[in-house]
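Enquirer: My structure is below; once you've seen it, I'll send some questions.
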Amino acid sequence: MDPMRKADLMDEIRSKIGVMADKLDGDIEALYRYVIETLYEHVPAYRYVGIYLTRGHEFVRFHYAGYSSHPPVIRFGQGLHSLTAARGRLVRERVGRRTEVLVPFYKGHHLIGELVVIGEPEDDIDGEDLALFREIASLLEAKVKECNSSQND
């Protein structure tokens with residue numbers, strides 16, 4: 001994809017997600033679904049977009065679009081999900097012709113979940129994509145915090 005066109009697309013996605021985040025008025029699950037569907041529908045290289053949430057001692061797939069060989073439930077200590085949680089930051093891994101990116105998001109110091117994006121071909125996910133994923137994770141953290149503080153009022 002042409003670098004200028006990609007920059008414009010990333011900005012459009014940021015704008016759409018930001019506007020919807022404000023409109024959803026605290027419905028964090030609707031925001032998760034919107035993020036997944038927007039990324040998947042607007043970027044053909046994203047073959048899979050999903051969000052896994054933590055529950056007990058597992059990562060549980062909340063919602064997704066596309067195909068992934070990741071199972072719907074992953075025990076802590078297994079695979080890239082746990083590596084991402086342990087590092088506390090974005091993990092990017094090439095697997096064959098694909099690139100898998102996992103981005104954790106938190107409420108304070110507690111892991112809430114991970115945004116998972118799988119791209120193909122592997123070199124289609126670049127620094128601009130990674131910056132977008134980090135921004136989305138930050139937005140999700142802010143909205144989780146906002147939802148919890150409004151519930152405590």
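We name chains A, B, ... following the order of the structure tokens; residues begin at 1 in each chain, and ligands are numbered from 1 as shown.
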As a PyMOL selection string, please: the residues near Leu53 in chain A (cut-off 7 Å, only C-alpha atoms, same-chain neighbours under 2 positions excluded).

Expert: chain A and resi 51+55+59-62+112-114

Enquirer: Got a sec: who's within 12 Å of range 2-4 of chain A, counting only C-alpha atoms, leaving out chain neighbours fewer than 6 positions off, as number ranges by chain?

Expert: A: 10-11, 124, 126-129

Enquirer: Quick one: write out the picked residues with N, CA and C atoms as a PDB file, in the first residue's frame?

Expert:
```
ATOM      1  N   MET A  10      -4.911   4.988   8.334  1.00  0.00           N
ATOM      2  CA  MET A  10      -4.701   4.880   9.782  1.00  0.00           C
ATOM      3  C   MET A  10      -5.383   6.044  10.507  1.00  0.00           C
ATOM      4  N   ASP A  11      -5.279   7.246   9.936  1.00  0.00           N
ATOM      5  CA  ASP A  11      -5.939   8.418  10.535  1.00  0.00           C
ATOM      6  C   ASP A  11      -7.454   8.266  10.521  1.00  0.00           C
ATOM      7  N   ASP A 124       3.425  -6.548   5.766  1.00  0.00           N
ATOM      8  CA  ASP A 124       2.396  -5.506   5.635  1.00  0.00           C
ATOM      9  C   ASP A 124       2.103  -4.796   6.951  1.00  0.00           C
ATOM     10  N   ASP A 126       3.561  -2.669   9.697  1.00  0.00           N
ATOM     11  CA  ASP A 126       4.776  -1.882   9.923  1.00  0.00           C
ATOM     12  C   ASP A 126       4.615  -0.989  11.148  1.00  0.00           C
ATOM     13  N   GLY A 127       5.524  -0.050  11.296  1.00  0.00           N
ATOM     14  CA  GLY A 127       5.515   0.847  12.446  1.00  0.00           C
ATOM     15  C   GLY A 127       4.231   1.642  12.596  1.00  0.00           C
ATOM     16  N   GLU A 128       3.622   2.015  11.473  1.00  0.00           N
ATOM     17  CA  GLU A 128       2.351   2.761  11.546  1.00  0.00           C
ATOM     18  C   GLU A 128       1.242   1.910  12.152  1.00  0.00           C
ATOM     19  N   ASP A 129       1.194   0.651  11.766  1.00  0.00           N
ATOM     20  CA  ASP A 129       0.198  -0.260  12.337  1.00  0.00           C
ATOM     21  C   ASP A 129       0.437  -0.420  13.835  1.00  0.00           C
TER      22      ASP A 129
END
```

Enquirer: I'd like to know which of A:Arg33, A:Arg87, A:Arg92, A:His81 is closest to Tyr64 in chain A, using only C-alpha atoms.

Expert: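 Closest candidate: A:Arg33.
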
Enquirer: Taking only C-alpha atoms into account, which of A:Phe105, A:Tyr32, A:Tyr67, A:Tyr40 comes nearest Thr54 in chain A?

Expert: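 Closest candidate: A:Phe105.
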
Enquirer: Going by DSSP on the backbone, which bits of chain A are strand (DSSP E or B)? Write them as a count of residues only, please.

Expert: 47

Enquirer: Excluding same-chain residues fewer than 3 positions from range 98-100 of chain A, what lies within 12 Å of it counting only C-alpha atoms, as a PyMOL selection string?

Expert: chain A and resi 45-50+67-70+79-81+84+90-95+103+115-126+129-130

Enquirer: List every residue of chain A that DSSP, applied to the backbone of this structure, assigns to helix (DSSP H, G or I), and report them as an NGL selection string.

Expert: :A and (3-23 or 28-42 or 79-87 or 122-124 or 127-151)

Enquirer: Set out as CSV a contact list for range 37-144 of chain A and range 23-30 of chain A with a cut-off of 8 Å, giving each residue of range 37-144 of chain A that qualifies its closest atom pair and distance in Å to one decimal, counting only C-alpha atoms, ordered by chain and rising residue number.

Expert:
```
residue,atom,partner,partner_atom,distance
A:Leu140,CA,A:Ile28,CA,8.0
A:Lys143,CA,A:Ile28,CA,6.9
A:Val144,CA,A:Ile28,CA,6.6
```

Enquirer: With C-alpha atoms retained, write the just-selected residues as a PDB file, in the first residue's frame.

Expert:
```pdb
ATOM      1  CA  LEU A 140      -9.281   0.932  25.801  1.00  0.00           C
ATOM      2  CA  LYS A 143     -12.402   3.772  28.594  1.00  0.00           C
ATOM      3  CA  VAL A 144     -12.198   0.843  31.049  1.00  0.00           C
TER       4      VAL A 144
END
```

Enquirer: Identify which of the residues A:Gly96, A:Gly18, A:Glu141, A:Glu135 lies closest to His109 in chain A, counting only C-alpha atoms when measuring atom-to-atom distances.

Expert: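 Selected residue with least distance to His109 in chain A: A:Glu141.
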
Enquirer: Give the answer as one residue: which of A:Glu58, A:Tyr52, A:Leu31, A:Arg14 has the shortest atom-to-atom distance to Arg75 in chain A, using only C-alpha atoms?

Expert: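 Of A:Glu58, A:Tyr52, A:Leu31, A:Arg14, the one nearest Arg75 in chain A, counting only C-alpha atoms, is A:Glu58.
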
Enquirer: Which residues are close to His57 in chain A, i.e. within 10 Å by only C-alpha atoms, leaving aside same-chain residues fewer than 4 positions away? Reply as a list in words.

Expert: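 Within the cut-off, the hits are Ile74, Arg75, Phe76 and Gly77 of chain A.
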
Enquirer: Identify which of the residues A:Gly88, A:Pro44, A:Gly66, A:Pro72 lies closest to Ala137 in chain A, counting only C-alpha atoms when measuring atom-to-atom distances.

Expert: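 Of A:Gly88, A:Pro44, A:Gly66, A:Pro72, the one nearest Ala137 in chain A is A:Gly88, counting only C-alpha atoms.
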
Enquirer: Of the candidates A:Ala65, A:Val19, A:Leu83, A:Val101, which one gets nearest to Leu132 in chain A if we count only C-alpha atoms?

Expert: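 Ranking A:Ala65, A:Val19, A:Leu83, A:Val101 by distance to Leu132 in chain A, first place goes to A:Val101.
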